[in-house]
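File shown here: protein_32.csv, holding CSV, C-alpha atoms (C1' of nucleotides).
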chain,number,residue,atom,x,y,z
Z,1,MET,CA,63.8,110.5,265.0
Z,2,LYS,CA,65.9,113.6,264.7
Z,3,THR,CA,65.6,116.0,261.8
Z,4,LYS,CA,67.2,119.3,261.3
Z,5,CYS,CA,65.5,122.1,259.6
Z,6,CYS,CA,67.8,122.9,256.7
Z,7,ASP,CA,70.6,121.3,254.7
Z,8,THR,CA,70.2,117.9,256.4
Z,9,HIS,CA,69.6,115.0,254.0
Z,10,ILE,CA,67.2,112.5,255.4
Z,11,SER,CA,66.6,109.2,253.7
Z,12,GLU,CA,63.3,108.2,252.1
Z,13,GLU,CA,62.9,105.7,254.9
Z,14,GLU,CA,63.4,108.3,257.5
Z,15,ALA,CA,60.9,110.6,255.8
Z,16,GLN,CA,58.3,107.9,255.7
Z,17,ASN,CA,58.9,107.1,259.4
Z,18,LEU,CA,58.4,110.8,260.2
Z,19,LEU,CA,55.0,110.6,258.4
Z,20,SER,CA,53.9,107.5,260.2
Z,21,GLU,CA,55.0,108.9,263.6
Z,22,ASN,CA,52.6,111.8,262.9
Z,23,GLY,CA,49.7,109.8,261.6
Z,24,ILE,CA,50.0,110.9,258.1
Z,25,SER,CA,49.7,108.7,255.0
Z,26,ARG,CA,53.0,107.7,253.5
Z,27,THR,CA,52.4,109.0,250.0
Z,28,LYS,CA,54.9,109.8,247.2
Z,29,ILE,CA,54.2,113.5,247.3
Z,30,LYS,CA,54.5,113.9,251.1
Z,31,THR,CA,57.7,111.9,251.1
Z,32,SER,CA,59.1,114.1,248.3
Z,33,ILE,CA,58.3,117.3,250.1
Z,34,LEU,CA,60.0,116.1,253.3
Z,35,LEU,CA,63.1,115.2,251.3
Z,36,LEU,CA,63.2,118.5,249.5
Z,37,LEU,CA,62.8,120.5,252.7
Z,38,SER,CA,65.5,118.5,254.4
Z,39,LYS,CA,67.9,118.9,251.5
Z,40,SER,CA,67.3,122.6,251.0
Z,41,LYS,CA,69.7,125.2,252.3
Z,42,LYS,CA,66.9,127.7,252.7
Z,43,PRO,CA,63.2,127.5,253.5
Z,44,LEU,CA,61.2,126.7,250.4
Z,45,SER,CA,58.0,128.2,249.1
Z,46,ALA,CA,55.1,126.1,247.8
Z,47,SER,CA,55.8,127.1,244.2
Z,48,GLU,CA,59.5,126.3,244.5
Z,49,ILE,CA,58.5,122.8,245.8
Z,50,TYR,CA,56.1,122.5,242.9
Z,51,GLN,CA,58.8,123.3,240.4
Z,52,LYS,CA,61.2,120.9,241.9
Z,53,ILE,CA,58.8,118.0,242.1
Z,54,GLY,CA,57.7,118.8,238.5
Z,55,PRO,CA,54.4,120.2,237.5
Z,56,LYS,CA,53.6,117.0,235.6
Z,57,ASN,CA,54.1,114.9,238.7
Z,58,CYS,CA,51.7,116.6,241.0
Z,59,ASP,CA,49.2,119.4,241.4
Z,60,ILE,CA,50.0,122.6,243.4
Z,61,SER,CA,46.9,122.1,245.5
Z,62,SER,CA,48.2,118.8,246.8
Z,63,ILE,CA,51.4,120.6,247.8
Z,64,TRP,CA,49.4,123.2,249.7
Z,65,ARG,CA,47.3,120.6,251.4
Z,66,THR,CA,50.5,118.8,252.5
Z,67,LEU,CA,52.2,121.9,253.7
Z,68,LYS,CA,49.1,122.8,255.7
Z,69,LYS,CA,49.0,119.4,257.3
Z,70,PHE,CA,52.7,119.4,258.1
Z,71,HIS,CA,52.2,122.8,259.8
Z,72,GLU,CA,49.2,121.5,261.8
Z,73,LYS,CA,51.2,118.5,263.0
Z,74,GLY,CA,54.1,120.7,263.9
Z,75,ILE,CA,56.5,119.1,261.5
Z,76,THR,CA,57.3,122.3,259.7
Z,77,ARG,CA,57.5,126.0,260.4
Z,78,GLU,CA,55.8,128.6,258.2
Z,79,LEU,CA,58.0,131.6,257.6
Z,80,ASN,CA,57.3,135.0,256.2
Z,81,LEU,CA,60.5,136.6,255.2
Z,82,GLY,CA,59.1,139.8,254.0
Z,83,GLU,CA,58.1,138.4,250.7
Z,84,ASP,CA,54.5,138.1,249.6
Z,85,PHE,CA,54.3,134.4,250.2
Z,86,PHE,CA,55.3,131.9,252.8
Z,87,ARG,CA,58.3,129.6,253.1
Z,88,TYR,CA,58.5,126.4,254.9
Z,89,GLU,CA,61.2,124.5,256.7
Z,90,LEU,CA,61.4,121.4,258.8
Z,91,LYS,CA,61.4,121.8,262.5
Z,92,ASP,CA,64.0,119.9,264.6
Z,93,SER,CA,61.7,117.2,265.7
Z,94,HIS,CA,63.7,116.5,268.9
Z,95,ASP,CA,63.8,120.1,270.0
Z,96,GLU,CA,60.9,120.4,272.4
Z,97,GLN,CA,61.5,124.1,272.9
Z,98,ASP,CA,61.3,124.8,269.3
Z,99,HIS,CA,64.6,126.6,269.1
Z,100,HIS,CA,63.9,128.3,265.9
Z,101,HIS,CA,66.6,130.3,264.3
Z,102,HIS,CA,66.4,133.3,262.0
Z,103,HIS,CA,67.3,134.3,258.5
Z,104,VAL,CA,68.8,137.1,256.5
Z,105,ARG,CA,67.3,137.9,253.2
Z,106,CYS,CA,68.9,140.2,250.7
Z,107,ARG,CA,66.4,142.8,249.7
Z,108,ASP,CA,68.1,143.0,246.3
Z,109,CYS,CA,68.7,139.5,245.0
Z,110,GLY,CA,66.5,137.6,247.5
Z,111,ASP,CA,69.2,135.3,248.6
Z,112,ILE,CA,68.5,133.8,252.0
Z,113,LYS,CA,71.0,132.7,254.7
Z,114,GLN,CA,70.4,131.0,258.0
Z,115,LEU,CA,71.7,132.5,261.2
Z,116,GLU,CA,73.1,130.1,263.7
Z,117,GLU,CA,72.9,132.3,266.8
Z,118,CYS,CA,69.9,134.0,268.3
Z,119,ASP,CA,71.3,136.7,270.5
Z,120,LEU,CA,70.3,140.1,269.0
Z,121,SER,CA,73.6,141.8,270.0
Z,122,ALA,CA,75.5,139.0,268.3
Z,123,PHE,CA,73.8,139.5,265.1
Z,124,ASP,CA,75.7,142.7,264.1
Z,125,LYS,CA,79.0,140.9,264.0
Z,126,MET,CA,77.5,138.1,262.1
Z,127,PHE,CA,76.1,140.4,259.5
Z,128,SER,CA,79.5,141.9,258.7
Z,129,LYS,CA,81.0,138.4,258.6
Z,130,LEU,CA,78.3,137.5,256.1
Z,131,GLY,CA,79.0,140.7,254.2
Z,132,PHE,CA,75.5,142.0,254.7
Z,133,LYS,CA,74.8,145.7,255.0
Z,134,LYS,CA,72.0,148.1,255.5
Z,135,MET,CA,70.3,145.7,257.8
Z,136,GLU,CA,66.6,146.0,258.7
Z,137,HIS,CA,64.9,143.7,261.0
Z,138,TYR,CA,61.4,142.6,261.5
Z,139,LEU,CA,60.4,141.6,265.0
Z,140,GLU,CA,56.9,141.0,266.0
Z,141,PHE,CA,55.2,138.9,268.7
Z,142,THR,CA,52.1,136.8,268.9
Z,143,GLY,CA,50.6,135.2,271.9
Z,144,ILE,CA,47.3,134.6,273.6
Z,145,CYS,CA,45.8,137.7,275.3
Z,146,SER,CA,44.1,137.7,278.7
Z,147,LYS,CA,40.6,137.7,277.1
Z,148,CYS,CA,41.4,134.5,275.2
Z,149,SER,CA,43.2,132.4,277.8
O,1,MET,CA,55.6,168.7,261.8
O,2,LYS,CA,55.6,165.9,264.3
O,3,THR,CA,53.3,162.9,264.1
O,4,LYS,CA,53.1,159.8,266.1
O,5,CYS,CA,52.4,156.4,264.7
O,6,CYS,CA,49.3,155.4,266.6
O,7,ASP,CA,46.6,156.9,268.7
O,8,THR,CA,47.5,160.5,268.0
O,9,HIS,CA,44.8,162.6,266.5
O,10,ILE,CA,46.1,165.0,263.9
O,11,SER,CA,43.8,167.7,262.5
O,12,GLU,CA,42.7,167.8,258.9
O,13,GLU,CA,45.0,170.8,258.4
O,14,GLU,CA,48.0,169.0,259.9
O,15,ALA,CA,47.2,166.0,257.6
O,16,GLN,CA,47.1,168.3,254.6
O,17,ASN,CA,50.4,169.9,255.5
O,18,LEU,CA,52.0,166.5,255.8
O,19,LEU,CA,50.9,165.8,252.3
O,20,SER,CA,52.2,169.1,250.9
O,21,GLU,CA,55.5,168.6,252.7
O,22,ASN,CA,55.9,165.4,250.9
O,23,GLY,CA,54.8,166.6,247.5
O,24,ILE,CA,51.6,164.7,247.4
O,25,SER,CA,48.3,166.1,246.2
O,26,ARG,CA,45.9,167.2,249.0
O,27,THR,CA,43.0,165.1,248.1
O,28,LYS,CA,40.0,164.0,250.2
O,29,ILE,CA,41.0,160.3,250.2
O,30,LYS,CA,44.6,160.9,251.2
O,31,THR,CA,43.7,163.2,254.0
O,32,SER,CA,41.1,160.7,255.3
O,33,ILE,CA,43.7,157.9,255.3
O,34,LEU,CA,46.1,160.0,257.2
O,35,LEU,CA,43.5,160.9,259.8
O,36,LEU,CA,42.4,157.3,260.2
O,37,LEU,CA,45.9,156.1,260.7
O,38,SER,CA,46.7,158.7,263.2
O,39,LYS,CA,43.5,158.0,265.2
O,40,SER,CA,43.9,154.2,265.2
O,41,LYS,CA,45.3,152.4,268.2
O,42,LYS,CA,46.7,149.7,265.9
O,43,PRO,CA,48.1,149.6,262.4
O,44,LEU,CA,45.3,149.3,259.8
O,45,SER,CA,45.0,147.1,256.8
O,46,ALA,CA,43.9,148.4,253.4
O,47,SER,CA,40.5,146.7,253.7
O,48,GLU,CA,40.0,148.1,257.2
O,49,ILE,CA,40.6,151.6,255.9
O,50,TYR,CA,38.3,150.8,253.0
O,51,GLN,CA,35.5,149.8,255.4
O,52,LYS,CA,36.0,152.9,257.6
O,53,ILE,CA,36.0,155.3,254.7
O,54,GLY,CA,33.0,153.6,253.2
O,55,PRO,CA,32.9,151.6,250.1
O,56,LYS,CA,30.6,154.1,248.4
O,57,ASN,CA,33.0,156.9,249.1
O,58,CYS,CA,36.1,155.5,247.4
O,59,ASP,CA,37.5,152.6,245.5
O,60,ILE,CA,39.9,150.1,247.1
O,61,SER,CA,42.4,150.6,244.3
O,62,SER,CA,42.8,154.2,245.3
O,63,ILE,CA,43.5,153.2,248.8
O,64,TRP,CA,46.2,150.8,247.6
O,65,ARG,CA,47.7,153.5,245.5
O,66,THR,CA,47.7,155.9,248.3
O,67,LEU,CA,49.3,153.4,250.8
O,68,LYS,CA,51.9,152.6,248.2
O,69,LYS,CA,52.8,156.3,247.8
O,70,PHE,CA,52.9,156.9,251.5
O,71,HIS,CA,55.2,154.0,251.9
O,72,GLU,CA,57.5,155.3,249.1
O,73,LYS,CA,57.6,158.7,250.6
O,74,GLY,CA,58.4,157.2,254.0
O,75,ILE,CA,55.3,158.6,255.7
O,76,THR,CA,54.1,155.2,256.8
O,77,ARG,CA,55.5,151.8,257.7
O,78,GLU,CA,54.3,148.6,256.2
O,79,LEU,CA,53.9,145.8,258.7
O,80,ASN,CA,53.5,142.1,258.5
O,81,LEU,CA,52.1,140.8,261.7
O,82,GLY,CA,52.0,137.2,260.7
O,83,GLU,CA,48.7,137.7,258.9
O,84,ASP,CA,48.3,137.2,255.2
O,85,PHE,CA,48.0,140.9,254.5
O,86,PHE,CA,49.9,144.1,255.4
O,87,ARG,CA,49.1,146.7,258.0
O,88,TYR,CA,50.1,150.3,257.9
O,89,GLU,CA,51.0,152.9,260.5
O,90,LEU,CA,52.3,156.4,260.5
O,91,LYS,CA,55.9,156.9,261.1
O,92,ASP,CA,57.0,159.6,263.6
O,93,SER,CA,58.1,162.1,261.0
O,94,HIS,CA,60.6,163.7,263.3
O,95,ASP,CA,62.3,160.5,264.2
O,96,GLU,CA,65.3,160.4,261.8
O,97,GLN,CA,66.5,157.1,263.0
O,98,ASP,CA,63.1,155.4,262.4
O,99,HIS,CA,62.7,154.1,265.9
O,100,HIS,CA,60.1,151.6,265.0
O,101,HIS,CA,58.4,149.7,267.8
O,102,HIS,CA,56.9,146.3,267.8
O,103,HIS,CA,53.5,144.7,268.3
O,104,VAL,CA,51.8,141.8,270.1
O,105,ARG,CA,49.0,140.1,268.2
O,106,CYS,CA,46.7,137.6,269.9
O,107,ARG,CA,46.8,134.5,267.8
O,108,ASP,CA,43.2,133.8,268.9
O,109,CYS,CA,41.2,137.0,268.6
O,110,GLY,CA,43.7,139.0,266.5
O,111,ASP,CA,43.9,141.9,269.0
O,112,ILE,CA,47.0,144.0,268.5
O,113,LYS,CA,48.8,146.0,271.1
O,114,GLN,CA,51.8,148.3,270.7
O,115,LEU,CA,55.0,147.7,272.7
O,116,GLU,CA,56.7,150.8,274.1
O,117,GLU,CA,60.1,149.3,274.7
O,118,CYS,CA,62.4,147.6,272.3
O,119,ASP,CA,64.8,145.6,274.5
O,120,LEU,CA,64.2,141.9,273.9
O,121,SER,CA,64.8,140.9,277.6
O,122,ALA,CA,62.4,143.5,278.7
O,123,PHE,CA,59.6,142.1,276.6
O,124,ASP,CA,58.9,139.1,278.9
O,125,LYS,CA,57.9,141.3,281.8
O,126,MET,CA,55.8,143.4,279.5
O,127,PHE,CA,53.9,140.4,278.2
O,128,SER,CA,52.9,139.3,281.7
O,129,LYS,CA,51.9,142.9,282.4
O,130,LEU,CA,49.8,142.9,279.3
O,131,GLY,CA,48.4,139.5,280.3
O,132,PHE,CA,49.7,137.8,277.2
O,133,LYS,CA,50.8,134.1,277.3
O,134,LYS,CA,52.2,131.5,275.0
O,135,MET,CA,54.4,134.0,273.3
O,136,GLU,CA,55.9,133.4,269.9
O,137,HIS,CA,58.1,135.9,268.2
O,138,TYR,CA,58.9,136.5,264.7
O,139,LEU,CA,62.3,138.0,264.0
O,140,GLU,CA,63.8,138.1,260.6
O,141,PHE,CA,66.4,140.3,259.0
O,142,THR,CA,66.8,141.8,255.6
O,143,GLY,CA,69.8,143.6,254.2
O,144,ILE,CA,72.0,143.9,251.1
O,145,CYS,CA,74.4,141.0,250.6
O,146,SER,CA,78.0,141.3,249.4
O,147,LYS,CA,77.1,140.4,245.9
O,148,CYS,CA,74.6,143.2,245.7
O,149,SER,CA,76.5,146.1,247.3
V,1,DG,C1',41.8,90.7,249.3
V,2,DA,C1',37.8,93.6,250.4
V,3,DT,C1',36.3,97.7,252.6
V,4,DA,C1',36.8,102.2,254.8
V,5,DA,C1',39.4,106.4,255.0
V,6,DA,C1',42.6,109.6,253.3
V,7,DT,C1',44.8,111.7,249.2
V,8,DT,C1',45.0,113.3,244.6
V,9,DG,C1',44.0,116.0,240.2
V,10,DC,C1',41.2,119.1,238.2
V,11,DA,C1',38.6,123.1,238.0
V,12,DA,C1',36.6,126.8,240.1
V,13,DT,C1',37.0,130.3,243.8
V,14,DT,C1',38.7,133.6,247.3
V,15,DG,C1',41.3,137.5,248.7
V,16,DA,C1',45.3,140.6,248.5
V,17,DC,C1',47.2,143.5,245.5
V,18,DT,C1',48.2,145.6,240.6
V,19,DT,C1',47.3,147.9,236.2
V,20,DG,C1',45.3,150.3,232.0
V,21,DC,C1',42.3,153.7,230.7
V,22,DA,C1',39.2,157.5,230.4
V,23,DA,C1',36.8,160.9,233.4
V,24,DA,C1',37.4,164.1,237.2
V,25,DA,C1',40.0,166.8,240.4
V,26,DA,C1',44.1,169.3,241.8
V,27,DA,C1',48.3,171.9,240.7
V,28,DA,C1',50.8,175.1,237.9
V,29,DT,C1',51.0,178.9,234.8
V,30,DA,C1',49.4,182.9,232.7
W,1,DT,C1',40.3,184.0,237.5
W,2,DA,C1',40.7,181.3,233.3
W,3,DT,C1',43.4,177.8,231.1
W,4,DT,C1',46.6,174.3,230.6
W,5,DT,C1',49.2,170.5,232.6
W,6,DT,C1',49.7,167.0,235.9
W,7,DT,C1',47.9,163.9,239.1
W,8,DT,C1',44.3,161.2,241.0
W,9,DT,C1',40.2,158.6,240.8
W,10,DG,C1',36.7,154.9,239.7
W,11,DC,C1',35.9,151.1,237.1
W,12,DA,C1',37.0,146.8,235.2
W,13,DA,C1',40.1,143.4,234.3
W,14,DG,C1',44.0,140.8,235.7
W,15,DT,C1',47.8,138.5,238.6
W,16,DC,C1',49.2,135.4,242.1
W,17,DA,C1',49.1,132.9,246.5
W,18,DA,C1',46.1,130.0,248.8
W,19,DT,C1',41.5,127.4,249.5
W,20,DT,C1',37.8,124.3,248.4
W,21,DG,C1',34.3,120.8,246.3
W,22,DC,C1',34.1,116.7,243.9
W,23,DA,C1',34.9,112.4,241.6
W,24,DA,C1',38.7,109.2,240.8
W,25,DT,C1',42.7,107.0,242.8
W,26,DT,C1',45.7,105.5,246.4
W,27,DT,C1',46.7,104.1,251.1
W,28,DA,C1',45.3,102.1,255.5
W,29,DT,C1',42.6,98.8,258.1
W,30,DC,C1',40.4,94.6,258.9
Write the structure described by the file as structure tokens, please.
Amino acid sequence: MKTKCCDTHISEEEAQNLLSENGISRTKIKTSILLLLSKSKKPLSASEIYQKIGPKNCDISSIWRTLKKFHEKGITRELNLGEDFFRYELKDSHDEQDHHHHHVRCRDCGDIKQLEECDLSAFDKMFSKLGFKKMEHYLEFTGICSKCS
Amino acid sequence: MKTKCCDTHISEEEAQNLLSENGISRTKIKTSILLLLSKSKKPLSASEIYQKIGPKNCDISSIWRTLKKFHEKGITRELNLGEDFFRYELKDSHDEQDHHHHHVRCRDCGDIKQLEECDLSAFDKMFSKLGFKKMEHYLEFTGICSKCS
DNA sequence: GATAAATTGCAATTGACTTGCAAAAAAATA
DNA sequence: TATTTTTTTGCAAGTCAATTGCAATTTATC
């Protein structure tokens, strides 16, 4: 089953299939979180998800456990956009190479936009198109060092 | 006065001058933090600094306040290397353009190395030279959006 | 439908980071 | 140098994201 990270509505049935395919119980909360992530135009934080589901309908700890499990299973990506918390988005499940994209966040209002291209030189034009100024970027690498592999 | 971000020992006097130049009180703690950052081969976290200075010799809140002030004055750079805390390094005080570099962090042992070049295509070679594998990179942008400027 | 396994809510806990306040140290002024 | 003003410090308490133990509930398995 193919899913896209943002702004792609998946049905409740598709969400449940995604859970089954990954050996995860098909519960109300997990389905809801998948639907929310698929509908959102930007990656969501745990507390945003919590607010959307409704504090009466679930506990924040259940959301954290779900997000952790999704991340372990490779269903979602955990993003740090320079805020002091993480955001989560669905991975494209048919994209073996994990063609992740990037985001621009306004340091003033916090608005987040998704970038469609991933060539650094191309970014500049895109930023002016988007109306963004005073760009700063954050680029870091992780890997497995020689001692550990 | 010229300082380099990592692995450059500055003297106590140089550290104190750096403080004065930036209108910051020349206290023992602030001088110590500058010296530690200049000596370290990798960016340091607040708690690493706290351990090195010695918990009996200062309070962690003073370290946080100092790091915050250094950051405000542009003396240091605040880095998020995909951990759940920040690391700090000295900026090169004579580098007007803030030619920041990047880092590789081993997802296994946490070891951090500094990259000397900043051309994305050049990174691949460097990683094999460093013996790093299974690279992942984290690239995000922030800026000021049209609504806010 | 009964049993085993996983998930949930609740409450308590950790760890990064912040803040108010009074005492101590540094800077400014005479 | 002595005195006043300003800044910094330690301590304690607090915030907020994220984690964990446990008993009750739900889902999966047979």
Quick one: which stretch 3-116 of chain Z residues come within 12 Å of stretch 7-26 of chain V, and what is the nearest atom pair for each with the distance in Å to one decimal, counting only C-alpha atoms (C1' of nucleotides), rows ordered by chain and ascending number, as CSV?
residue,atom,partner,partner_atom,distance
Z:Ile24,CA,V:DT7,C1',10.3
Z:Ser25,CA,V:DT7,C1',8.2
Z:Arg26,CA,V:DT7,C1',10.1
Z:Thr27,CA,V:DT7,C1',8.1
Z:Lys28,CA,V:DT7,C1',10.5
Z:Ile29,CA,V:DT8,C1',9.6
Z:Lys30,CA,V:DT7,C1',10.1
Z:Pro55,CA,V:DG9,C1',11.5
Z:Lys56,CA,V:DG9,C1',10.7
Z:Asn57,CA,V:DG9,C1',10.3
Z:Cys58,CA,V:DG9,C1',7.8
Z:Asp59,CA,V:DG9,C1',6.3
Z:Ile60,CA,V:DG9,C1',9.5
Z:Ser61,CA,V:DG9,C1',8.6
Z:Ser62,CA,V:DT8,C1',6.7
Z:Ile63,CA,V:DT8,C1',10.2
Z:Trp64,CA,V:DT8,C1',12.0
Z:Arg65,CA,V:DT7,C1',9.5
Z:Thr66,CA,V:DT7,C1',9.7
Z:Lys69,CA,V:DT7,C1',11.9
Z:Asp84,CA,V:DA16,C1',9.6
Z:Phe85,CA,V:DA16,C1',11.1
**OP:** Check every residue of chain Z for an atom within 8 Å of chain O, counting only C-alpha atoms, and provide those that qualify as an MDAnalysis selection string.
**Re:** chainID Z and resid 80:82 102:109 111 130:146 148:149
Subject >> Among the residues O:Leu34, O:Ile10, O:Ala15, O:Ala46, the one that comes closest to chain V [using only C-alpha atoms (C1' of nucleotides)] >> reply: O:Ala46
Any chance you could fit chain Z onto chain O with least squares, all Cα atoms in order, and share the moved copy as a CSV table (one decimal) with C-alpha atoms, in the coordinates of the input?
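As a result, result.csv now contains:
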chain,number,residue,atom,x,y,z
Z,1,MET,CA,55.8,168.5,261.6
Z,2,LYS,CA,55.7,165.8,264.2
Z,3,THR,CA,53.4,162.8,263.9
Z,4,LYS,CA,53.3,159.7,266.0
Z,5,CYS,CA,52.5,156.4,264.6
Z,6,CYS,CA,49.4,155.3,266.6
Z,7,ASP,CA,46.7,156.9,268.7
Z,8,THR,CA,47.7,160.5,267.9
Z,9,HIS,CA,45.0,162.6,266.4
Z,10,ILE,CA,46.3,165.0,263.9
Z,11,SER,CA,44.1,167.7,262.4
Z,12,GLU,CA,43.0,167.8,258.8
Z,13,GLU,CA,45.3,170.8,258.4
Z,14,GLU,CA,48.2,168.9,259.7
Z,15,ALA,CA,47.5,166.0,257.5
Z,16,GLN,CA,47.3,168.2,254.4
Z,17,ASN,CA,50.6,169.9,255.4
Z,18,LEU,CA,52.2,166.4,255.7
Z,19,LEU,CA,51.1,165.7,252.1
Z,20,SER,CA,52.4,168.9,250.7
Z,21,GLU,CA,55.7,168.5,252.6
Z,22,ASN,CA,56.1,165.2,250.7
Z,23,GLY,CA,55.0,166.4,247.3
Z,24,ILE,CA,51.7,164.6,247.3
Z,25,SER,CA,48.4,166.0,246.1
Z,26,ARG,CA,46.1,167.1,248.9
Z,27,THR,CA,43.1,165.0,248.0
Z,28,LYS,CA,40.1,164.0,250.2
Z,29,ILE,CA,41.1,160.3,250.2
Z,30,LYS,CA,44.7,160.8,251.1
Z,31,THR,CA,43.8,163.2,253.9
Z,32,SER,CA,41.2,160.7,255.2
Z,33,ILE,CA,43.7,157.9,255.3
Z,34,LEU,CA,46.3,160.0,257.2
Z,35,LEU,CA,43.6,160.9,259.8
Z,36,LEU,CA,42.5,157.3,260.2
Z,37,LEU,CA,46.0,156.0,260.7
Z,38,SER,CA,46.8,158.7,263.2
Z,39,LYS,CA,43.6,158.1,265.1
Z,40,SER,CA,44.0,154.3,265.2
Z,41,LYS,CA,45.3,152.4,268.2
Z,42,LYS,CA,46.6,149.7,266.0
Z,43,PRO,CA,48.1,149.5,262.5
Z,44,LEU,CA,45.3,149.3,259.9
Z,45,SER,CA,44.9,147.1,256.9
Z,46,ALA,CA,43.8,148.4,253.5
Z,47,SER,CA,40.4,146.8,253.8
Z,48,GLU,CA,39.8,148.1,257.3
Z,49,ILE,CA,40.6,151.7,255.9
Z,50,TYR,CA,38.2,151.0,253.1
Z,51,GLN,CA,35.4,150.0,255.5
Z,52,LYS,CA,36.0,153.0,257.6
Z,53,ILE,CA,36.1,155.5,254.7
Z,54,GLY,CA,32.9,153.8,253.3
Z,55,PRO,CA,32.9,151.7,250.2
Z,56,LYS,CA,30.6,154.3,248.5
Z,57,ASN,CA,33.0,157.1,249.1
Z,58,CYS,CA,36.0,155.6,247.4
Z,59,ASP,CA,37.4,152.6,245.6
Z,60,ILE,CA,39.8,150.1,247.2
Z,61,SER,CA,42.3,150.5,244.4
Z,62,SER,CA,42.7,154.2,245.3
Z,63,ILE,CA,43.4,153.2,248.9
Z,64,TRP,CA,46.1,150.8,247.7
Z,65,ARG,CA,47.6,153.4,245.4
Z,66,THR,CA,47.8,155.8,248.4
Z,67,LEU,CA,49.2,153.3,250.8
Z,68,LYS,CA,51.9,152.4,248.2
Z,69,LYS,CA,52.8,156.1,247.7
Z,70,PHE,CA,52.9,156.8,251.4
Z,71,HIS,CA,55.3,153.8,251.8
Z,72,GLU,CA,57.5,155.1,249.0
Z,73,LYS,CA,57.7,158.5,250.5
Z,74,GLY,CA,58.5,157.0,253.9
Z,75,ILE,CA,55.4,158.4,255.6
Z,76,THR,CA,54.1,155.0,256.7
Z,77,ARG,CA,55.5,151.6,257.7
Z,78,GLU,CA,54.2,148.4,256.2
Z,79,LEU,CA,53.8,145.7,258.8
Z,80,ASN,CA,53.2,142.0,258.5
Z,81,LEU,CA,51.9,140.7,261.8
Z,82,GLY,CA,51.7,137.2,260.8
Z,83,GLU,CA,48.4,137.6,259.1
Z,84,ASP,CA,47.9,137.2,255.4
Z,85,PHE,CA,47.8,140.8,254.6
Z,86,PHE,CA,49.7,144.0,255.5
Z,87,ARG,CA,49.0,146.7,258.0
Z,88,TYR,CA,50.1,150.2,257.9
Z,89,GLU,CA,50.9,152.8,260.4
Z,90,LEU,CA,52.3,156.3,260.4
Z,91,LYS,CA,56.0,156.7,261.0
Z,92,ASP,CA,57.2,159.4,263.5
Z,93,SER,CA,58.1,161.9,260.9
Z,94,HIS,CA,60.7,163.6,263.2
Z,95,ASP,CA,62.4,160.4,264.1
Z,96,GLU,CA,65.3,160.2,261.7
Z,97,GLN,CA,66.4,156.8,263.1
Z,98,ASP,CA,63.1,155.3,262.5
Z,99,HIS,CA,62.7,154.0,266.0
Z,100,HIS,CA,60.0,151.6,265.1
Z,101,HIS,CA,58.4,149.7,267.9
Z,102,HIS,CA,56.8,146.3,267.9
Z,103,HIS,CA,53.4,144.7,268.4
Z,104,VAL,CA,51.8,141.8,270.1
Z,105,ARG,CA,49.0,140.0,268.3
Z,106,CYS,CA,46.8,137.5,269.9
Z,107,ARG,CA,46.7,134.4,267.8
Z,108,ASP,CA,43.2,133.7,269.0
Z,109,CYS,CA,41.2,136.9,268.7
Z,110,GLY,CA,43.6,139.0,266.6
Z,111,ASP,CA,43.7,141.8,269.0
Z,112,ILE,CA,46.9,143.9,268.5
Z,113,LYS,CA,48.8,145.9,271.2
Z,114,GLN,CA,51.7,148.2,270.8
Z,115,LEU,CA,54.9,147.7,272.8
Z,116,GLU,CA,56.6,150.7,274.1
Z,117,GLU,CA,60.0,149.3,274.7
Z,118,CYS,CA,62.3,147.5,272.4
Z,119,ASP,CA,64.7,145.6,274.5
Z,120,LEU,CA,64.1,141.8,274.0
Z,121,SER,CA,64.8,140.9,277.6
Z,122,ALA,CA,62.3,143.5,278.7
Z,123,PHE,CA,59.6,142.1,276.7
Z,124,ASP,CA,58.9,139.1,279.0
Z,125,LYS,CA,57.9,141.3,281.8
Z,126,MET,CA,55.8,143.3,279.6
Z,127,PHE,CA,54.0,140.3,278.2
Z,128,SER,CA,52.8,139.2,281.7
Z,129,LYS,CA,51.8,142.8,282.5
Z,130,LEU,CA,49.7,142.7,279.3
Z,131,GLY,CA,48.4,139.3,280.3
Z,132,PHE,CA,49.7,137.6,277.2
Z,133,LYS,CA,50.9,134.0,277.3
Z,134,LYS,CA,52.3,131.4,275.1
Z,135,MET,CA,54.4,134.0,273.3
Z,136,GLU,CA,56.0,133.3,269.9
Z,137,HIS,CA,58.1,135.8,268.2
Z,138,TYR,CA,59.0,136.5,264.7
Z,139,LEU,CA,62.4,138.0,264.0
Z,140,GLU,CA,63.9,138.3,260.7
Z,141,PHE,CA,66.4,140.7,259.0
Z,142,THR,CA,66.7,142.3,255.7
Z,143,GLY,CA,69.6,144.3,254.4
Z,144,ILE,CA,71.7,144.7,251.3
Z,145,CYS,CA,74.2,141.9,250.7
Z,146,SER,CA,77.8,142.4,249.5
Z,147,LYS,CA,76.9,141.5,245.9
Z,148,CYS,CA,74.3,144.3,245.8
Z,149,SER,CA,76.1,147.2,247.5
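In this model, the gap between atom CA of Z:Ile53 and atom CA of Z:Gly23 comes to 23.0 Å.
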**OP:** Would you mind reading off the distance between atom CA of Z:Glu89 and atom CA of Z:Pro43, one decimal, in Å?
**Re:**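 Distance between the two atoms: 4.8 Å.
In this model, the gap between atom C1' of W:DC22 and atom CA of Z:Tyr88 comes to 28.5 Å.
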For the contact check between chain W and chain Z, emit one row per residue of chain W within 8 Å, containing the shortest atom pair and the distance in Å rounded to one decimal, counting all atoms listed in the file, chain then rising number order, as a tab-separated table.
residue	atom	partner	partner_atom	distance
W:DA17	C1'	Z:Phe85	CA	6.6
W:DA18	C1'	Z:Trp64	CA	7.6
W:DT27	C1'	Z:Ser25	CA	6.7
W:DA28	C1'	Z:Ser25	CA	7.9
